[in-house]
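Structure, as structure tokens:
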Amino acid sequence: MGKYILRRIAFLPLVILGVTCFLFFLTQRLPVEARASLYIQDPRQMDSMEEVIKKYDLDKPFFVQYGHWLKNILHGDLGYSESANMPVSKAIRDYFPATLQLALAAITLVVFFGVLFGVLSAVYKDKFWDNFLRIVSLTGFSLPIFVLGLLLLMIFYGRLGWFPPGEYSFASDLIIHSPSFKSYTGLLLIDSILNGQFKVFLDILRHLVLPAFTLCFGSFALMVRVMRSSMLEELNKDYVRAARARGISEKRVLFKHAALNAVLPVITLASIQFVRLLGGTVIVESVFDYPGIGRWGVACAQQLDIAGILGFSLMVAALFVLGNLAADILYSFVDPRIRLK
Amino acid sequence: MNEKKIFKQIIKNKNSLTGLIIIIIFFLIALFAPIIAPAQNKNNPYQMPQASYQVNPTAPNAQNLLGTTENQYDIYYGIIWGTRMAFKIGLSVVFLALLIGVIIGGAAGFFGSWIDEILMRLTDIVFAVPSMVLAMVIAAMLGPDLKNMMIAITIVSWPSYARLIRGDVMSVKEREFISATKALGASKRRIFLRHILPNAIYPVVIVASLDIGYIVLTAASLSFLGLGSQTGTADWGQLVALSRNWILGTHGNPFEYWFTLVMPGGALLLFVLAWNMLGDAFRDILDPRTH
């Protein structure tokens, strides 16, 4: 196992390098003006385009340009994002916490509903609840996330007025951007409590409900399926029969004994799904006008903001690769049987 | 398991039978689209006709069976020709991705050693970015239109087929009849094309064709974000995007424009659901652990 993980860590930089090379190659067919944004830090530099072209060798062969760009990235210069009106590195820092907050909220829902429904459909295998939940999770798997999002907005914002889009209301905006509001974690949901602003906390929570639920509905299906089969496996084991024979109540057998053992694969699946959610926020954020990196990424793609597109996809790729690696390592720690194999 | 037995199980299972029937209905709609919804623009039947130049959607009526969406595009026409579009996208992407996947994965599994290593690291690169994000980025950089969107989805789809066929080729390669063929002096090309490939290709073809639902969903998502077909093209994702400005309805009647979202969204959901129902059953049937 250790050898396998070491090998993967050794390959990581190569994979990331491959991604950068591929993405940079794609930009080559775009006009030089669009590519210039990859190198600059201030839009005023665009006024003297010839200087930019000369300085960064934009008229030279592919590998010269690529080398220049790589060197810039290693210095933390990812260019200037026109759609965000700020340097790419600052855009990532500004937008990421909101996405992290959304993904954390969604994964909490995914694990909660996944485990609950998984246990339910294992206990009632092939009966009404099992079939019903199977259909629900199949629908969740098939329902286009943007259709669900718009539908929820139609009902819960248009009709009922409960959950508005965006990240927070105008009133909260004033408080959050006032000098007395301190940023501790960057996650506004936590920061608002730490600042003692409960009204702001509730406001942010109100805005978080719909996007988090939409994101969850798309991915809890897999969790239900894994939890169900894992639970079924545990329920067939001797210790469950022994516990029942000792007269322990069925509820206790299910939740204290079987479910606790069955939840193991769910933990690792959750860590993999969490990373996937970070990528899946793209559509949800743009439907709900939620100001995270996903919405920014879509805006970059729509406006062909090259520096933004490359910065966004590199950021997502790095998160994705590291997250998957972390999930694998976690897997071997949580389940000692894996290491023996 | 032979084909007849698989087919029998598909028919016996309620879920997969429903899925199969829905897919067949969709296929018939796609096939007979020119009859069900005669094209007004014969040169480009995928262009949705506009009832007028008014901006607001109109509710379902005699002329527009399912109503019209923003800018008066006819929803009925859009859904019918959108079905044809869905099959067009799904089938061509699956075919192309399979072709690339089989060539690259087949070569990796057959030749092994450093060729395998290089080709598989290529798939790692694609797997390093979430497929939706990568497809979005590629579609944006190639320029948003239908063809480029299909190229983008093909680029993110082939690696999983390549990995699958590589494994199958590697296991078939070790079987005895291959050594026998080698001993008989067959050429490498003949061994691969006539003996290994036919024995290794079925699982990946099944997996890939069951992916059609997922591919159509990805395409619709890209279209929804404005990175797919041109405005006015009959395409479910785009129809949903056209409903975006109207989900709030008017004062006192919040659901006034419900049909702009529910009709195309429903068609898309039904299509993807049908493929998933079929795929779910296939997985159960082919999974040896469930027997």
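Every chain in the structure tokens takes a letter, A first, then B, and so on in the order presented; its residues are numbered from 1, and the ligands are numbered from 1 following the presented order.
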
Query - Test item: chain A residues at most 8 Å from chain B, counting only C-alpha atoms, as a ChimeraX atom specification - result: /A:15-16,18-19,26-27,30,138-139,141-144,146-147,150-151,153-154,157-159,276,279-280,282-283,298,301-302,304,309,313,316-318,320-321

Can those selected residues be exported to a file as a compact mmCIF listing (two decimals), in the first residue's frame so that it contains N, CA and C atoms?
# COMPACT_ATOMS: atom_id res chain seq x y z
N VAL A 15 1.20 14.36 -13.72
CA VAL A 15 -0.19 14.48 -14.18
C VAL A 15 -0.59 15.94 -14.29
N ILE A 16 -0.27 16.71 -13.24
CA ILE A 16 -0.62 18.14 -13.26
C ILE A 16 0.09 18.83 -14.43
N GLY A 18 0.92 17.45 -17.20
CA GLY A 18 0.21 17.04 -18.40
C GLY A 18 -1.05 17.86 -18.61
N VAL A 19 -1.77 18.11 -17.51
CA VAL A 19 -2.99 18.91 -17.61
C VAL A 19 -2.66 20.32 -18.10
N LEU A 26 -4.44 24.02 -25.99
CA LEU A 26 -5.75 24.44 -26.51
C LEU A 26 -5.83 25.94 -26.76
N THR A 27 -5.10 26.71 -25.95
CA THR A 27 -5.20 28.17 -26.11
C THR A 27 -4.49 28.65 -27.37
N LEU A 30 -6.14 30.48 -30.27
CA LEU A 30 -6.85 31.73 -30.02
C LEU A 30 -5.96 32.92 -30.38
N LEU A 138 -32.69 6.74 -8.12
CA LEU A 138 -32.49 6.71 -9.58
C LEU A 138 -32.89 8.06 -10.18
N THR A 139 -33.99 8.62 -9.67
CA THR A 139 -34.41 9.93 -10.15
C THR A 139 -33.36 10.97 -9.83
N PHE A 141 -30.29 10.54 -9.53
CA PHE A 141 -29.16 10.29 -10.41
C PHE A 141 -29.42 10.85 -11.81
N SER A 142 -30.71 10.84 -12.22
CA SER A 142 -31.04 11.21 -13.60
C SER A 142 -31.53 12.64 -13.74
N LEU A 143 -32.00 13.23 -12.64
CA LEU A 143 -32.58 14.57 -12.74
C LEU A 143 -31.49 15.59 -13.04
N PRO A 144 -31.60 16.28 -14.18
CA PRO A 144 -30.60 17.29 -14.48
C PRO A 144 -30.56 18.33 -13.36
N PHE A 146 -29.65 21.32 -13.22
CA PHE A 146 -30.13 22.68 -13.49
C PHE A 146 -31.64 22.74 -13.56
N VAL A 147 -32.28 21.63 -13.99
CA VAL A 147 -33.75 21.60 -14.01
C VAL A 147 -34.27 21.60 -12.58
N LEU A 150 -33.81 25.08 -10.97
CA LEU A 150 -34.80 26.07 -11.42
C LEU A 150 -36.18 25.76 -10.86
N LEU A 151 -36.50 24.46 -10.79
CA LEU A 151 -37.81 24.04 -10.25
C LEU A 151 -37.93 24.47 -8.78
N LEU A 153 -36.30 26.85 -7.30
CA LEU A 153 -36.40 28.31 -7.23
C LEU A 153 -37.82 28.76 -7.53
N MET A 154 -38.44 28.10 -8.52
CA MET A 154 -39.80 28.45 -8.91
C MET A 154 -40.75 28.30 -7.72
N TYR A 157 -38.84 30.07 -4.05
CA TYR A 157 -38.53 31.49 -4.10
C TYR A 157 -39.68 32.24 -4.75
N GLY A 158 -40.12 31.79 -5.93
CA GLY A 158 -41.19 32.47 -6.66
C GLY A 158 -42.52 32.39 -5.92
N ARG A 159 -42.90 31.16 -5.52
CA ARG A 159 -44.21 30.98 -4.91
C ARG A 159 -44.17 31.30 -3.41
N ARG A 276 -15.66 15.49 -5.64
CA ARG A 276 -16.48 15.60 -6.85
C ARG A 276 -17.46 16.75 -6.75
N GLY A 279 -16.26 20.01 -7.86
CA GLY A 279 -16.36 20.24 -9.30
C GLY A 279 -17.81 20.41 -9.74
N GLY A 280 -18.73 19.71 -9.03
CA GLY A 280 -20.13 19.74 -9.42
C GLY A 280 -20.84 21.03 -9.08
N VAL A 282 -20.29 23.77 -10.24
CA VAL A 282 -20.30 24.67 -11.40
C VAL A 282 -21.71 25.08 -11.80
N ILE A 283 -22.56 24.06 -12.04
CA ILE A 283 -23.91 24.36 -12.53
C ILE A 283 -24.78 24.94 -11.42
N VAL A 298 -17.78 29.40 -14.92
CA VAL A 298 -18.74 29.46 -16.01
C VAL A 298 -18.68 30.81 -16.71
N ALA A 301 -15.76 30.87 -18.93
CA ALA A 301 -15.97 30.07 -20.14
C ALA A 301 -16.88 30.81 -21.11
N GLN A 302 -17.91 31.46 -20.59
CA GLN A 302 -18.85 32.15 -21.47
C GLN A 302 -18.22 33.37 -22.13
N LEU A 304 -14.98 33.77 -22.61
CA LEU A 304 -13.68 33.41 -23.15
C LEU A 304 -12.57 34.20 -22.47
N ILE A 309 -10.15 30.92 -17.27
CA ILE A 309 -10.42 29.51 -17.57
C ILE A 309 -9.27 28.64 -17.11
N SER A 313 -9.46 25.96 -14.08
CA SER A 313 -9.35 24.51 -14.27
C SER A 313 -8.12 23.94 -13.57
N VAL A 316 -9.16 23.53 -9.95
CA VAL A 316 -10.05 22.38 -9.77
C VAL A 316 -9.26 21.08 -9.93
N ALA A 317 -8.35 21.03 -10.93
CA ALA A 317 -7.57 19.82 -11.15
C ALA A 317 -6.71 19.50 -9.94
N ALA A 318 -6.05 20.53 -9.38
CA ALA A 318 -5.17 20.31 -8.23
C ALA A 318 -5.99 19.77 -7.05
N PHE A 320 -8.85 18.21 -7.16
CA PHE A 320 -9.39 16.91 -7.51
C PHE A 320 -8.35 15.82 -7.31
N VAL A 321 -7.15 16.05 -7.84
CA VAL A 321 -6.10 15.06 -7.76
C VAL A 321 -5.66 14.83 -6.31

Requested in this report: Quick one: everything within 7 Å of Ala327 of chain A, counting only C-alpha atoms, minus sequence neighbours fewer than 6 positions away in the same chain. Send it as a list in words.
Outcome: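 In the requested format, the answer is Thr268, Ser271 and Ile272 of chain A.
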
Export of the given selection (N, CA and C atoms) as a compact mmCIF listing (two decimals), in the first residue's frame:
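Written file, part.txt:
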# COMPACT_ATOMS: atom_id res chain seq x y z
N THR A 268 -15.19 6.59 3.20
CA THR A 268 -14.27 6.82 2.09
C THR A 268 -15.01 7.35 0.88
N SER A 271 -15.48 11.00 1.19
CA SER A 271 -14.32 11.85 0.89
C SER A 271 -14.13 11.98 -0.62
N ILE A 272 -14.42 10.90 -1.36
CA ILE A 272 -14.31 10.99 -2.83
C ILE A 272 -15.40 11.91 -3.37

Query raised in the report: Contacts of Leu38 of chain A at 10 Å or less, counting only C-alpha atoms, minus same-chain residues fewer than 4 places along, as a list in words?
Result: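 Here the qualifying residues turn out to be Glu33, Ala34, Tyr56, Trp69, Asn72, Ile73, Asp77, Leu78, Gly79, Tyr80, Ser81, Pro87, Val88, Asp305, Ile306, Ala307, Gly308, Ile309, Leu310 and Gly311 of chain A.
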
**Report entry** Residues within 7 Å of segment 106-114 of chain B, only C-alpha atoms, excluding chain neighbours under 4 positions, as a list in words
**Finding:**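 Selected residues are Val102, Ile118, Leu119, Ile165, Arg166, Gly167, Val169 and Met170 of chain B.
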
Report task. Excluding segment 159-162 of chain B and any residue of its chain fewer than 6 positions from it, enumerate the residues within 7 Å of it, using only C-alpha atoms, and give them as number ranges by chain. Result -> B: 98, 101-102, 104-105, 123, 204

Would you save the residues from that selection as a PDB file, in the first residue's frame, using N, CA and C atoms?
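Result file is selection_14.pdb:
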ATOM      1  N   LEU B  98     -15.805   5.493 -28.269  1.00  0.00           N
ATOM      2  CA  LEU B  98     -15.490   4.064 -28.290  1.00  0.00           C
ATOM      3  C   LEU B  98     -14.331   3.779 -29.238  1.00  0.00           C
ATOM      4  N   GLY B 101     -11.220   5.041 -27.685  1.00  0.00           N
ATOM      5  CA  GLY B 101     -10.932   4.223 -26.508  1.00  0.00           C
ATOM      6  C   GLY B 101     -10.430   2.843 -26.873  1.00  0.00           C
ATOM      7  N   VAL B 102     -11.067   2.220 -27.893  1.00  0.00           N
ATOM      8  CA  VAL B 102     -10.665   0.879 -28.283  1.00  0.00           C
ATOM      9  C   VAL B 102      -9.275   0.889 -28.912  1.00  0.00           C
ATOM     10  N   ILE B 104      -6.785   3.162 -28.446  1.00  0.00           N
ATOM     11  CA  ILE B 104      -5.741   3.468 -27.457  1.00  0.00           C
ATOM     12  C   ILE B 104      -5.658   2.396 -26.371  1.00  0.00           C
ATOM     13  N   GLY B 105      -6.822   2.017 -25.831  1.00  0.00           N
ATOM     14  CA  GLY B 105      -6.815   0.991 -24.783  1.00  0.00           C
ATOM     15  C   GLY B 105      -6.358  -0.349 -25.323  1.00  0.00           C
ATOM     16  N   THR B 123      -4.563   8.864 -20.113  1.00  0.00           N
ATOM     17  CA  THR B 123      -5.905   8.816 -19.529  1.00  0.00           C
ATOM     18  C   THR B 123      -5.905   9.483 -18.150  1.00  0.00           C
ATOM     19  N   VAL B 204     -17.207  -3.425 -23.078  1.00  0.00           N
ATOM     20  CA  VAL B 204     -17.030  -1.981 -23.240  1.00  0.00           C
ATOM     21  C   VAL B 204     -18.109  -1.402 -24.152  1.00  0.00           C
TER      22      VAL B 204
END

**Report entry** Point-to-point distance from atom CA of Leu194 of chain A to atom CA of Ala212 of chain A, Å rounded to tenths
**Finding:** 22.1 Å

Requested in this report: Excluding Pro265 of chain A and any residue of its chain fewer than 2 positions from it, enumerate the residues within 10 Å of it, using only C-alpha atoms, and give them as an MDAnalysis selection string.
Outcome: chainID A and resid 223 226:227 230 261:263 267:270 331 334:335

Report task. Within segment 148-287 of chain A, find each residue whose DSSP state, derived from the backbone, is helix (DSSP H, G or I), and express the selection as a ChimeraX atom specification. Result -> /A:148-159,170-176,188-194,198-235,238-245,250-262,264-287

May I have the residues from that selection written out with C-alpha atoms, as a short mmCIF file (atom, residue, chain, number, x, y, z; two decimals), in the first residue's frame?
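Output saved as out34.cif:
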data_model
loop_
_atom_site.label_atom_id
_atom_site.label_comp_id
_atom_site.auth_asym_id
_atom_site.auth_seq_id
_atom_site.Cartn_x
_atom_site.Cartn_y
_atom_site.Cartn_z
CA LEU A 148 -34.06 20.68 -10.33
CA GLY A 149 -32.46 23.97 -9.29
CA LEU A 150 -34.80 26.07 -11.42
CA LEU A 151 -37.81 24.04 -10.25
CA LEU A 152 -36.89 24.60 -6.59
CA LEU A 153 -36.40 28.31 -7.23
CA MET A 154 -39.80 28.45 -8.91
CA ILE A 155 -41.50 26.90 -5.89
CA PHE A 156 -39.50 28.05 -2.88
CA TYR A 157 -38.53 31.49 -4.10
CA GLY A 158 -41.19 32.47 -6.66
CA ARG A 159 -44.21 30.98 -4.91
CA PHE A 170 -28.20 43.28 1.08
CA ALA A 171 -28.65 43.89 4.82
CA SER A 172 -26.13 41.16 5.64
CA ASP A 173 -23.80 42.49 2.98
CA LEU A 174 -23.52 45.76 4.87
CA ILE A 175 -22.65 43.96 8.10
CA ILE A 176 -20.21 41.52 6.50
CA LEU A 188 -19.17 33.14 6.36
CA LEU A 189 -21.52 30.68 8.06
CA ILE A 190 -18.97 30.12 10.84
CA ASP A 191 -17.61 33.65 10.86
CA SER A 192 -21.06 35.12 11.40
CA ILE A 193 -21.49 33.07 14.59
CA LEU A 194 -18.02 33.95 15.82
CA PHE A 198 -27.03 35.52 14.39
CA LYS A 199 -29.26 37.38 11.97
CA VAL A 200 -26.51 37.18 9.36
CA PHE A 201 -26.02 33.49 10.17
CA LEU A 202 -29.69 32.74 9.58
CA ASP A 203 -29.67 34.81 6.41
CA ILE A 204 -26.70 32.90 5.00
CA LEU A 205 -28.26 29.59 6.00
CA ARG A 206 -31.48 30.61 4.23
CA HIS A 207 -29.53 31.24 1.06
CA LEU A 208 -27.59 27.99 1.41
CA VAL A 209 -30.56 25.62 1.71
CA LEU A 210 -31.56 25.32 -1.95
CA PRO A 211 -28.12 25.05 -3.57
CA ALA A 212 -26.92 22.57 -0.93
CA PHE A 213 -30.04 20.45 -1.34
CA THR A 214 -29.79 20.52 -5.14
CA LEU A 215 -26.15 19.48 -5.01
CA CYS A 216 -26.97 16.72 -2.52
CA PHE A 217 -29.85 15.31 -4.56
CA GLY A 218 -27.53 14.67 -7.48
CA SER A 219 -25.09 12.57 -5.50
CA PHE A 220 -26.74 10.91 -2.54
CA ALA A 221 -28.01 8.07 -4.77
CA LEU A 222 -24.59 6.40 -4.88
CA MET A 223 -24.28 6.75 -1.11
CA VAL A 224 -27.65 5.03 -0.59
CA ARG A 225 -26.60 2.15 -2.81
CA VAL A 226 -23.24 1.63 -1.08
CA MET A 227 -24.73 1.92 2.39
CA ARG A 228 -27.51 -0.51 1.46
CA SER A 229 -25.22 -3.27 0.22
CA SER A 230 -22.77 -2.75 3.06
CA MET A 231 -25.61 -2.89 5.59
CA LEU A 232 -27.03 -6.05 3.99
CA GLU A 233 -23.62 -7.67 4.28
CA GLU A 234 -23.36 -6.79 7.98
CA LEU A 235 -26.89 -7.95 8.76
CA ASP A 238 -22.99 -13.88 13.03
CA TYR A 239 -22.53 -11.10 15.54
CA VAL A 240 -25.87 -9.58 14.50
CA ARG A 241 -27.58 -12.90 15.04
CA ALA A 242 -25.80 -13.22 18.38
CA ALA A 243 -26.91 -9.75 19.43
CA ARG A 244 -30.49 -10.53 18.49
CA ALA A 245 -30.31 -13.83 20.36
CA GLU A 250 -33.88 -4.39 17.11
CA LYS A 251 -33.25 -0.64 16.98
CA ARG A 252 -30.07 -1.06 18.98
CA VAL A 253 -28.91 -3.97 16.84
CA LEU A 254 -29.47 -1.98 13.66
CA PHE A 255 -27.95 1.33 14.66
CA LYS A 256 -25.44 0.50 17.41
CA HIS A 257 -24.09 -2.72 15.96
CA ALA A 258 -24.67 -3.21 12.25
CA ALA A 259 -24.82 0.39 10.98
CA LEU A 260 -21.64 1.41 12.78
CA ASN A 261 -19.71 -1.36 11.02
CA ALA A 262 -21.47 -0.79 7.72
CA LEU A 264 -16.96 2.24 6.90
CA PRO A 265 -17.15 2.30 3.09
CA VAL A 266 -19.40 5.35 3.34
CA ILE A 267 -16.63 7.37 4.99
CA THR A 268 -14.27 6.82 2.09
CA LEU A 269 -17.00 7.32 -0.50
CA ALA A 270 -17.88 10.59 1.23
CA SER A 271 -14.32 11.85 0.89
CA ILE A 272 -14.31 10.99 -2.83
CA GLN A 273 -17.72 12.55 -3.34
CA PHE A 274 -16.70 15.68 -1.48
CA VAL A 275 -14.00 16.30 -4.06
CA ARG A 276 -16.48 15.60 -6.85
CA LEU A 277 -18.94 18.04 -5.33
CA LEU A 278 -16.32 20.77 -5.54
CA GLY A 279 -16.36 20.24 -9.30
CA GLY A 280 -20.13 19.74 -9.42
CA THR A 281 -20.83 23.14 -7.95
CA VAL A 282 -20.30 24.67 -11.40
CA ILE A 283 -23.91 24.36 -12.53
CA VAL A 284 -25.52 24.80 -9.12
CA GLU A 285 -23.64 28.01 -8.45
CA SER A 286 -24.64 29.52 -11.77
CA VAL A 287 -28.29 28.52 -11.39
#

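Coordinates place atom CA of Ser223 of chain B at a distance of 5.3 Å from atom CA of Gln238 of chain B.
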
Per DSSP on the backbone, filter segment 29-239 of chain A down to the residues in strand (DSSP E) and report them as a PDB file with C-alpha atoms, in the first residue's frame.
ATOM      1  CA  TYR A  80      -5.622  38.746 -15.058  1.00  0.00           C
ATOM      2  CA  SER A  81      -9.244  37.588 -15.143  1.00  0.00           C
ATOM      3  CA  MET A  86      -9.037  41.107 -10.734  1.00  0.00           C
ATOM      4  CA  PRO A  87      -5.910  38.950 -10.935  1.00  0.00           C
TER       5      PRO A  87
END

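All residues of protein, DNA or RNA that reach within 7 Å of Gly78 of chain B, judged by only C-alpha atoms and not counting those fewer than 2 positions away in the chain, are Met48, Asp74, Ile75, Tyr76, Ile80, Trp81, Gly82, Ala234 and Asp235 of chain B.
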